[in-house]
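Pasting protein-v3.pdb here (PDB, C-alpha atoms and all ligand atoms):
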```
ATOM      1  CA  MET A  16      53.092 110.964 -17.971
ATOM      2  CA  THR A  17      54.457 109.681 -14.675
ATOM      3  CA  LEU A  18      56.467 107.158 -16.651
ATOM      4  CA  LEU A  19      57.842 109.946 -18.845
ATOM      5  CA  LYS A  20      58.655 112.058 -15.799
ATOM      6  CA  ARG A  21      60.736 109.373 -14.211
ATOM      7  CA  LYS A  22      62.266 108.313 -17.550
ATOM      8  CA  ALA A  23      61.057 104.763 -17.112
ATOM      9  CA  ALA A  24      61.833 103.998 -20.763
ATOM     10  CA  SER A  25      63.823 105.605 -23.553
ATOM     11  CA  LYS A  26      60.590 106.030 -25.534
ATOM     12  CA  ILE A  27      56.943 105.872 -24.459
ATOM     13  CA  ILE A  28      54.144 105.281 -26.964
ATOM     14  CA  PHE A  29      50.552 106.087 -25.995
ATOM     15  CA  ASN A  30      47.743 104.309 -27.797
ATOM     16  CA  ASP A  31      43.965 104.585 -27.557
ATOM     17  CA  ILE A  32      41.187 104.432 -30.099
ATOM     18  CA  LEU A  33      39.517 107.690 -28.968
ATOM     19  CA  GLU A  34      40.599 110.536 -31.246
ATOM     20  CA  GLN A  35      39.575 113.463 -29.031
ATOM     21  CA  GLN A  36      41.274 112.037 -25.951
ATOM     22  CA  MET A  37      44.461 111.429 -27.836
ATOM     23  CA  GLU A  38      44.506 114.925 -29.289
ATOM     24  CA  LEU A  39      44.135 116.344 -25.787
ATOM     25  CA  LEU A  40      46.893 114.081 -24.550
ATOM     26  CA  GLU A  41      49.179 115.109 -27.390
ATOM     27  CA  GLN A  42      48.669 118.792 -26.566
ATOM     28  CA  LYS A  43      49.559 118.139 -22.932
ATOM     29  CA  LEU A  44      52.640 116.171 -23.889
ATOM     30  CA  ILE A  45      53.842 118.919 -26.242
ATOM     31  CA  ARG A  46      53.431 121.413 -23.401
ATOM     32  CA  PHE A  47      54.811 119.484 -20.438
ATOM     33  CA  PHE A  48      57.176 116.984 -22.044
ATOM     34  CA  PRO A  49      58.792 118.807 -24.987
ATOM     35  CA  LYS A  50      60.924 116.916 -27.472
ATOM     36  CA  PRO A  51      63.825 116.218 -27.694
ATOM     37  CA  ASN A  52      64.073 116.193 -23.883
ATOM     38  CA  TYR A  53      61.421 113.491 -23.868
ATOM     39  CA  ASP A  54      60.805 110.826 -26.484
ATOM     40  CA  TRP A  55      57.148 109.886 -26.936
ATOM     41  CA  LYS A  56      54.584 109.162 -29.626
ATOM     42  CA  VAL A  57      50.780 109.223 -29.674
ATOM     43  CA  ILE A  58      48.936 106.658 -31.765
ATOM     44  CA  CYS A  59      45.180 106.641 -32.285
ATOM     45  CA  GLN A  60      44.375 103.170 -33.491
ATOM     46  CA  ASP A  61      42.628  99.934 -32.565
ATOM     47  CA  LEU A  62      45.252  98.127 -30.506
ATOM     48  CA  SER A  63      44.451  94.879 -32.328
ATOM     49  CA  LEU A  64      45.869  96.515 -35.483
ATOM     50  CA  VAL A  65      49.026  97.910 -33.953
ATOM     51  CA  THR A  66      52.223  96.439 -35.366
ATOM     52  CA  ILE A  67      54.941  95.610 -32.893
ATOM     53  CA  PRO A  68      58.149  97.545 -33.665
ATOM     54  CA  LYS A  69      61.158  95.345 -34.400
ATOM     55  CA  GLN A  70      63.009  96.287 -31.277
ATOM     56  CA  GLN A  71      64.247  94.454 -28.243
ATOM     57  CA  SER A  72      63.155  95.199 -24.685
ATOM     58  CA  GLN A  73      59.610  96.453 -25.081
ATOM     59  CA  LEU A  74      56.829  96.533 -22.532
ATOM     60  CA  PHE A  75      53.167  96.725 -23.487
ATOM     61  CA  ILE A  76      50.912  98.071 -20.742
ATOM     62  CA  ILE A  77      47.292  97.070 -21.308
ATOM     63  CA  ALA A  78      45.124  98.883 -18.790
ATOM     64  CA  GLY A  79      41.506  99.703 -18.159
ATOM     65  CA  VAL A  80      39.655  97.431 -20.578
ATOM     66  CA  GLY A  81      37.515  94.403 -19.695
ATOM     67  CA  GLY A  82      38.673  90.799 -19.677
ATOM     68  CA  ASP A  83      37.464  89.960 -23.197
ATOM     69  CA  LYS A  84      39.232  92.972 -24.754
ATOM     70  CA  THR A  85      42.375  92.298 -22.733
ATOM     71  CA  ILE A  86      42.360  88.726 -24.055
ATOM     72  CA  GLU A  87      41.852  89.963 -27.635
ATOM     73  CA  PHE A  88      44.793  92.391 -27.293
ATOM     74  CA  ILE A  89      47.148  89.819 -25.759
ATOM     75  CA  GLU A  90      46.272  87.370 -28.533
ATOM     76  CA  SER A  91      46.813  89.876 -31.340
ATOM     77  CA  LEU A  92      50.147  91.075 -29.940
ATOM     78  CA  THR A  93      51.407  87.558 -29.263
ATOM     79  CA  ARG A  94      50.328  86.318 -32.712
ATOM     80  CA  GLN A  95      52.547  88.921 -34.386
ATOM     81  CA  SER A  96      55.626  88.202 -32.375
ATOM     82  CA  LEU A  97      58.048  85.569 -33.658
ATOM     83  CA  ASP A  98      60.740  86.108 -31.052
ATOM     84  CA  ASN A  99      58.634  87.173 -28.033
ATOM     85  CA  ASN A 100      60.497  90.476 -27.912
ATOM     86  CA  PHE A 101      58.140  92.128 -25.431
ATOM     87  CA  ASP A 102      56.834  91.857 -21.889
ATOM     88  CA  LEU A 103      53.289  92.589 -20.771
ATOM     89  CA  LEU A 104      51.930  94.543 -17.830
ATOM     90  CA  ILE A 105      48.233  93.778 -17.593
ATOM     91  CA  CYS A 106      45.632  95.652 -15.581
ATOM     92  CA  SER A 107      42.300  94.241 -16.696
ATOM     93  CA  VAL A 108      38.900  95.322 -15.414
ATOM     94  CA  HIS A 109      37.545  91.917 -14.277
ATOM     95  CA  GLY A 110      38.164  88.569 -15.973
ATOM     96  CA  ASN A 111      41.594  88.030 -14.434
ATOM     97  CA  TYR A 112      41.117  84.266 -14.126
ATOM     98  CA  GLN A 113      40.510  83.942 -17.887
ATOM     99  CA  VAL A 114      43.329  86.392 -18.689
ATOM    100  CA  ARG A 115      45.711  84.317 -16.576
ATOM    101  CA  GLN A 116      44.513  81.135 -18.290
ATOM    102  CA  LEU A 117      45.431  82.636 -21.671
ATOM    103  CA  LEU A 118      48.822  83.885 -20.457
ATOM    104  CA  ILE A 119      49.632  80.387 -19.170
ATOM    105  CA  ASN A 120      48.539  78.796 -22.480
ATOM    106  CA  LEU A 121      50.700  81.239 -24.447
ATOM    107  CA  GLY A 122      53.765  80.339 -22.385
ATOM    108  CA  TYR A 123      54.186  83.575 -20.433
ATOM    109  CA  LYS A 124      55.870  83.440 -17.018
ATOM    110  CA  LEU A 125      55.377  85.637 -14.010
ATOM    111  CA  VAL A 126      57.651  88.562 -13.160
ATOM    112  CA  SER A 127      55.423  89.971 -10.408
ATOM    113  CA  GLU A 128      51.804  90.596  -9.494
ATOM    114  CA  GLU A 129      49.933  92.862  -7.137
ATOM    115  CA  ILE A 130      46.410  93.737  -6.014
ATOM    116  CA  VAL A 131      45.710  97.471  -6.207
ATOM    117  CA  LYS A 132      42.671  99.313  -4.838
ATOM    118  CA  GLU A 133      41.847 102.656  -6.465
ATOM    119  CA  ASN A 134      38.595 104.613  -6.100
ATOM    120  CA  LYS A 135      37.003 101.647  -4.300
ATOM    121  CA  ARG A 136      37.776  99.322  -7.218
ATOM    122  CA  PHE A 137      40.180  96.422  -7.218
ATOM    123  CA  TYR A 138      42.656  95.578  -9.940
ATOM    124  CA  GLU A 139      45.160  92.778 -10.403
ATOM    125  CA  ILE A 140      48.375  94.077 -11.919
ATOM    126  CA  ILE A 141      50.094  91.181 -13.667
ATOM    127  CA  TYR A 142      53.606  91.615 -15.083
ATOM    128  CA  VAL A 143      54.649  88.733 -17.341
ATOM    129  CA  SER A 144      57.464  87.845 -19.714
ATOM    130  CA  HIS A 145      58.630  84.877 -21.745
ATOM    131  CA  ALA A 146      62.034  85.370 -20.150
ATOM    132  CA  ALA A 147      60.782  85.018 -16.552
ATOM    133  CA  LYS A 148      60.915  81.765 -14.615
ATOM    134  CA  LYS A 149      57.949  81.638 -12.239
ATOM    135  CA  ASP A 150      54.698  79.926 -13.227
ATOM    136  CA  ILE A 151      51.573  82.073 -13.469
ATOM    137  CA  THR A 152      48.724  80.677 -11.370
ATOM    138  CA  LEU A 153      45.022  81.079 -12.159
ATOM    139  CA  THR A 154      44.150  82.898  -8.962
ATOM    140  CA  GLY A 155      47.459  84.724  -8.527
ATOM    141  CA  ASP A 156      49.137  82.956  -5.595
ATOM    142  CA  GLU A 157      51.769  85.658  -5.098
ATOM    143  CA  GLN A 158      49.437  88.638  -4.931
ATOM    144  CA  TRP A 159      47.535  87.793  -1.744
ATOM    145  CA  ASN A 160      48.556  89.084   1.632
ATOM    146  CA  ASN A 161      46.598  87.628   4.524
ATOM    147  CA  GLU A 162      47.480  90.642   6.679
ATOM    148  CA  ASN A 163      45.932  93.134   4.262
ATOM    149  CA  PRO A 164      42.210  93.827   4.920
ATOM    150  CA  ASP A 165      41.779  95.098   1.336
ATOM    151  CA  HIS A 166      42.787  91.690   0.035
ATOM    152  CA  HIS A 167      40.164  90.058   2.267
ATOM    153  CA  GLU A 168      37.577  92.422   0.820
ATOM    154  CA  TYR A 169      38.656  91.709  -2.761
ATOM    155  CA  LEU A 170      38.555  87.952  -2.203
ATOM    156  CA  ARG A 171      35.123  88.183  -0.565
ATOM    157  CA  LYS A 172      33.770  90.192  -3.501
ATOM    158  CA  THR A 173      35.302  87.837  -6.061
ATOM    159  CA  ILE A 174      33.848  84.772  -4.342
ATOM    160  CA  PHE A 175      30.436  86.451  -4.133
ATOM    161  CA  TYR A 176      30.586  87.310  -7.856
ATOM    162  CA  TYR A 177      31.469  83.758  -8.906
ATOM    163  CA  SER A 178      28.881  82.205  -6.526
ATOM    164  CA  LYS A 179      26.270  84.057  -8.571
ATOM    165  CA  LYS A 180      27.860  83.086 -11.897
ATOM    166  CA  VAL A 181      27.836  79.385 -10.874
ATOM    167  CA  LYS A 182      24.037  79.524 -10.819
ATOM    168  CA  THR A 183      24.028  80.529 -14.511
ATOM    169  CA  ASN A 184      26.671  78.059 -15.717
ATOM    170  CA  SER A 185      28.003  75.669 -13.136
ATOM    171  CA  GLU A 186      30.378  73.811 -15.474
ATOM    172  CA  ALA A 187      32.186  76.992 -16.514
ATOM    173  CA  TYR A 188      32.271  78.842 -13.205
ATOM    174  CA  LEU A 189      32.503  76.189 -10.460
ATOM    175  CA  PRO A 190      36.250  75.552 -11.019
ATOM    176  CA  ILE A 191      36.858  79.323 -10.795
ATOM    177  CA  LEU A 192      34.800  79.642  -7.610
ATOM    178  CA  GLU A 193      36.618  76.693  -6.042
ATOM    179  CA  GLY A 194      39.944  78.210  -7.058
ATOM    180  CA  TYR A 195      39.222  81.439  -5.172
ATOM    181  CA  GLU A 196      37.629  79.623  -2.216
ATOM    182  CA  SER A 197      40.791  77.562  -1.844
ATOM    183  CA  LYS A 198      42.757  80.733  -1.042
ATOM    184  CA  GLY A 199      41.583  79.899   2.454
ATOM    185  CA  PHE A 200      41.084  83.301   4.086
ATOM    186  CA  PHE A 201      38.272  85.823   4.149
TER     187      PHE A 201
HETATM  188  C1  LIG B 301      38.755 102.860 -18.868
HETATM  189  S1  LIG B 301      39.702 103.526 -20.163
HETATM  190  C2  LIG B 301      41.343 103.249 -19.614
HETATM  191  C3  LIG B 301      42.283 104.258 -20.183
HETATM  192  C4  LIG B 301      43.767 104.001 -19.866
HETATM  193  N1  LIG B 301      44.268 102.859 -20.606
HETATM  194  C5  LIG B 301      43.976 103.840 -18.403
HETATM  195  O1  LIG B 301      44.246 102.729 -17.937
HETATM  196  O2  LIG B 301      43.887 104.826 -17.668
HETATM  197  C6  LIG B 301      39.531 102.316 -21.430
HETATM  198  C7  LIG B 301      40.099 102.807 -22.755
HETATM  199  O3  LIG B 301      40.245 101.726 -23.654
HETATM  200  C8  LIG B 301      40.129 102.256 -24.959
HETATM  201  N2  LIG B 301      39.903 101.190 -25.940
HETATM  202  C9  LIG B 301      38.856 100.357 -26.013
HETATM  203  N3  LIG B 301      38.998  99.519 -27.069
HETATM  204  C10 LIG B 301      40.167  99.848 -27.669
HETATM  205  C11 LIG B 301      40.865  99.349 -28.804
HETATM  206  N4  LIG B 301      40.355  98.359 -29.525
HETATM  207  N5  LIG B 301      42.045  99.886 -29.131
HETATM  208  C12 LIG B 301      42.565 100.907 -28.400
HETATM  209  N6  LIG B 301      41.960 101.430 -27.301
HETATM  210  C13 LIG B 301      40.770 100.903 -26.941
HETATM  211  C14 LIG B 301      38.916 103.197 -24.805
HETATM  212  O4  LIG B 301      38.879 104.144 -25.839
HETATM  213  C15 LIG B 301      39.167 103.810 -23.432
HETATM  214  O5  LIG B 301      39.818 105.060 -23.508
END
```
As structure tokens, how would this structure be written, given the file I've shared?
Ligand SMILES: C[S@@+](CC[C@H](N)C(=O)[O-])C[C@H]1O[C@@H](n2cnc3c(N)ncnc32)[C@H](O)[C@@H]1O
Amino acid sequence: MTLLKRKAASKIIFNDILEQQMELLEQKLIRFFPKPNYDWKVICQDLSLVTIPKQQSQLFIIAGVGGDKTIEFIESLTRQSLDNNFDLLICSVHGNYQVRQLLINLGYKLVSEEIVKENKRFYEIIYVSHAAKKDITLTGDEQWNNENPDHHEYLRKTIFYYSKKVKTNSEAYLPILEGYESKGFF
């Protein structure tokens, strides 16, 4: 709704699989963002089944699902696209290392990235495009700010999490742990 309010795009499409939520959302949109002043659409569907409209300049925002789901969604969207006619703004709950790995493998490039803390939880917001120039890195080189105490806290928590994971599967998780440890501050 904030995006609608500031007219961030000519049309905004909302998608979630939960019927009740989407009905509630639709009622709110009808009330607060009446057409034709605002152009929006509500879809209630599994995102993996959504077909990408044949239109240039599209941005998919994938927010609030875990790493595995985020990966599934990025794969299904990218598979459909012959001309890479969309950008992605990703806000995954955990699993950012693996999400970044996939984005690199699929040839996405970095527009910008940021660490956000909300309700005591940390998120990496990763904005990527095939048209951008910067390489994506596995631990998000651009997002860290040594002066920001929140970033220290996020790095400490991430290192703690992967130290535990290494004990369950060292081969899979040691490179990730070393990647975060090499950030060099905490
Ligand atoms: C934590 S909520 C985040 C909601 C919203 N995207 C946000 O960032 O505020 C996660 C949402 O993902 C939706 N979801 C999970 N799997 C989905 C799928 N396959 N297709 C569409 N939505 C899905 C759930 O129904 C749930 O509403």
Note to self: For ligand LIG 301 (chain B), return the neighbouring residues as a PyMOL selection string (distance at most 7 Å; all atoms listed in the file).
What the structure shows: chain A and resi 30-33+60-63+77-80+84
Tell me, counting all atoms listed in the file, for each residue of stretch 37-132 of chain A within 8 Å of stretch 141-161 of chain A, which pair of atoms is nearest and how far apart they are in Å to one decimal, in rows ordered by chain and increasing number, as a tab-separated table.
```
residue	atom	partner	partner_atom	distance
A:Asn99	CA	A:His145	CA	6.7
A:Phe101	CA	A:Ser144	CA	7.2
A:Asp102	CA	A:Ser144	CA	4.6
A:Leu103	CA	A:Val143	CA	5.3
A:Leu104	CA	A:Tyr142	CA	4.4
A:Ile105	CA	A:Ile141	CA	5.1
A:Cys106	CA	A:Ile141	CA	6.6
A:Asn111	CA	A:Thr154	CA	7.9
A:Tyr112	CA	A:Leu153	CA	5.4
A:Gln113	CA	A:Leu153	CA	7.8
A:Arg115	CA	A:Leu153	CA	5.5
A:Gln116	CA	A:Leu153	CA	6.2
A:Leu118	CA	A:Ile151	CA	7.7
A:Ile119	CA	A:Ile151	CA	6.3
A:Gly122	CA	A:His145	CA	6.7
A:Tyr123	CA	A:His145	CA	4.8
A:Lys124	CA	A:Ala147	CA	5.2
A:Leu125	CA	A:Val143	CA	4.6
A:Val126	CA	A:Val143	CA	5.1
A:Ser127	CA	A:Tyr142	CA	5.3
A:Glu128	CA	A:Ile141	CA	4.5
A:Glu129	CA	A:Gln158	CA	4.8
A:Ile130	CA	A:Gln158	CA	6.0
```
Checklist line | Chain and number of each residue from the PyMOL selection byres (((chain A and resi 25) around 12) and not hetatm), as a count of residues only | finding: 19
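Note that the spacing between atom CA of A:Glu186 and atom CA of A:Glu139 amounts to 24.6 Å.
Once the PyMOL selection byres (((chain A and resi 167) around 12) and not hetatm) is applied to this file, the selection holds Ile130, Lys132, Phe137, Gln158, Trp159, Asn160, Asn161, Glu162, Asn163, Pro164, Asp165, His166, Glu168, Tyr169, Leu170, Arg171, Lys172, Thr173, Ile174, Tyr195, Glu196, Lys198, Gly199, Phe200 and Phe201 of chain A.
The spacing separating atom CA of A:Leu39 from atom CA of A:Gly81 amounts to 23.7 Å.
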Let me have the centre and edge lengths in Å, one decimal, of the box along x, y and z around every listed atom of stretch 173-179 of chain A with 6 Å of margin on each side, as lines of an AutoDock Vina configuration file.
```
center_x = 30.8
center_y = 85.0
center_z = -6.5
size_x = 21.0
size_y = 17.6
size_z = 16.8
```
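Our summary of the geometry notes that atom CA of A:Phe29 is positioned 23.7 Å from atom CA of A:Gly110.
Each of A:Glu133, A:Asp98, A:Glu34, A:Glu193 was compared to A:Ile67 using all atoms listed in the file, and A:Asp98 turns out to be the nearest.
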Some atoms are absent from stretch 144-169 of chain A, so rebuild N, CA and C atoms and return them as a PDB file, keeping the file's coordinate frame.
```
ATOM      1  N   SER A 144      56.431  87.822 -18.685  1.00  0.00           N
ATOM      2  CA  SER A 144      57.464  87.845 -19.714  1.00  0.00           C
ATOM      3  C   SER A 144      57.741  86.406 -20.138  1.00  0.00           C
ATOM      4  N   HIS A 145      58.204  86.223 -21.363  1.00  0.00           N
ATOM      5  CA  HIS A 145      58.630  84.877 -21.745  1.00  0.00           C
ATOM      6  C   HIS A 145      59.982  84.547 -21.121  1.00  0.00           C
ATOM      7  N   ALA A 146      60.692  85.589 -20.702  1.00  0.00           N
ATOM      8  CA  ALA A 146      62.034  85.370 -20.150  1.00  0.00           C
ATOM      9  C   ALA A 146      62.007  85.101 -18.642  1.00  0.00           C
ATOM     10  N   ALA A 147      60.837  85.236 -18.010  1.00  0.00           N
ATOM     11  CA  ALA A 147      60.782  85.018 -16.552  1.00  0.00           C
ATOM     12  C   ALA A 147      60.738  83.521 -16.260  1.00  0.00           C
ATOM     13  N   LYS A 148      60.796  83.182 -14.976  1.00  0.00           N
ATOM     14  CA  LYS A 148      60.915  81.765 -14.615  1.00  0.00           C
ATOM     15  C   LYS A 148      59.705  81.222 -13.842  1.00  0.00           C
ATOM     16  N   LYS A 149      59.013  82.125 -13.131  1.00  0.00           N
ATOM     17  CA  LYS A 149      57.949  81.638 -12.239  1.00  0.00           C
ATOM     18  C   LYS A 149      56.661  81.318 -13.004  1.00  0.00           C
ATOM     19  N   ASP A 150      55.976  80.262 -12.591  1.00  0.00           N
ATOM     20  CA  ASP A 150      54.698  79.926 -13.227  1.00  0.00           C
ATOM     21  C   ASP A 150      53.617  80.924 -12.816  1.00  0.00           C
ATOM     22  N   ILE A 151      52.753  81.252 -13.777  1.00  0.00           N
ATOM     23  CA  ILE A 151      51.573  82.073 -13.469  1.00  0.00           C
ATOM     24  C   ILE A 151      50.524  81.116 -12.914  1.00  0.00           C
ATOM     25  N   THR A 152      49.812  81.520 -11.877  1.00  0.00           N
ATOM     26  CA  THR A 152      48.724  80.677 -11.370  1.00  0.00           C
ATOM     27  C   THR A 152      47.383  81.361 -11.651  1.00  0.00           C
ATOM     28  N   LEU A 153      46.321  80.563 -11.711  1.00  0.00           N
ATOM     29  CA  LEU A 153      45.022  81.079 -12.159  1.00  0.00           C
ATOM     30  C   LEU A 153      44.416  82.102 -11.200  1.00  0.00           C
ATOM     31  N   THR A 154      44.717  81.950  -9.918  1.00  0.00           N
ATOM     32  CA  THR A 154      44.150  82.898  -8.962  1.00  0.00           C
ATOM     33  C   THR A 154      45.236  83.801  -8.343  1.00  0.00           C
ATOM     34  N   GLY A 155      46.415  83.772  -8.927  1.00  0.00           N
ATOM     35  CA  GLY A 155      47.459  84.724  -8.527  1.00  0.00           C
ATOM     36  C   GLY A 155      48.016  84.489  -7.135  1.00  0.00           C
ATOM     37  N   ASP A 156      48.668  83.333  -6.940  1.00  0.00           N
ATOM     38  CA  ASP A 156      49.137  82.956  -5.595  1.00  0.00           C
ATOM     39  C   ASP A 156      49.986  84.019  -4.917  1.00  0.00           C
ATOM     40  N   GLU A 157      50.804  84.723  -5.717  1.00  0.00           N
ATOM     41  CA  GLU A 157      51.769  85.658  -5.098  1.00  0.00           C
ATOM     42  C   GLU A 157      51.155  86.974  -4.646  1.00  0.00           C
ATOM     43  N   GLN A 158      49.959  87.282  -5.147  1.00  0.00           N
ATOM     44  CA  GLN A 158      49.437  88.638  -4.931  1.00  0.00           C
ATOM     45  C   GLN A 158      48.701  88.809  -3.596  1.00  0.00           C
ATOM     46  N   TRP A 159      48.365  87.689  -2.952  1.00  0.00           N
ATOM     47  CA  TRP A 159      47.535  87.793  -1.744  1.00  0.00           C
ATOM     48  C   TRP A 159      48.368  87.975  -0.495  1.00  0.00           C
ATOM     49  N   ASN A 160      47.904  88.887   0.344  1.00  0.00           N
ATOM     50  CA  ASN A 160      48.556  89.084   1.632  1.00  0.00           C
ATOM     51  C   ASN A 160      47.483  88.979   2.713  1.00  0.00           C
ATOM     52  N   ASN A 161      47.596  87.923   3.494  1.00  0.00           N
ATOM     53  CA  ASN A 161      46.598  87.628   4.524  1.00  0.00           C
ATOM     54  C   ASN A 161      46.444  88.753   5.547  1.00  0.00           C
ATOM     55  N   GLU A 162      47.497  89.555   5.681  1.00  0.00           N
ATOM     56  CA  GLU A 162      47.480  90.642   6.679  1.00  0.00           C
ATOM     57  C   GLU A 162      46.771  91.897   6.157  1.00  0.00           C
ATOM     58  N   ASN A 163      46.481  91.915   4.872  1.00  0.00           N
ATOM     59  CA  ASN A 163      45.932  93.134   4.262  1.00  0.00           C
ATOM     60  C   ASN A 163      44.401  93.056   4.168  1.00  0.00           C
ATOM     61  N   PRO A 164      43.672  93.888   4.916  1.00  0.00           N
ATOM     62  CA  PRO A 164      42.210  93.827   4.920  1.00  0.00           C
ATOM     63  C   PRO A 164      41.604  94.065   3.530  1.00  0.00           C
ATOM     64  N   ASP A 165      42.270  94.867   2.705  1.00  0.00           N
ATOM     65  CA  ASP A 165      41.779  95.098   1.336  1.00  0.00           C
ATOM     66  C   ASP A 165      41.748  93.784   0.540  1.00  0.00           C
ATOM     67  N   HIS A 166      42.729  92.956   0.768  1.00  0.00           N
ATOM     68  CA  HIS A 166      42.787  91.690   0.035  1.00  0.00           C
ATOM     69  C   HIS A 166      41.642  90.772   0.475  1.00  0.00           C
ATOM     70  N   HIS A 167      41.311  90.831   1.765  1.00  0.00           N
ATOM     71  CA  HIS A 167      40.164  90.058   2.267  1.00  0.00           C
ATOM     72  C   HIS A 167      38.888  90.533   1.565  1.00  0.00           C
ATOM     73  N   GLU A 168      38.771  91.852   1.449  1.00  0.00           N
ATOM     74  CA  GLU A 168      37.577  92.422   0.820  1.00  0.00           C
ATOM     75  C   GLU A 168      37.503  92.007  -0.658  1.00  0.00           C
ATOM     76  N   TYR A 169      38.632  92.073  -1.336  1.00  0.00           N
ATOM     77  CA  TYR A 169      38.656  91.709  -2.761  1.00  0.00           C
ATOM     78  C   TYR A 169      38.299  90.230  -2.943  1.00  0.00           C
TER      79      TYR A 169
END
```
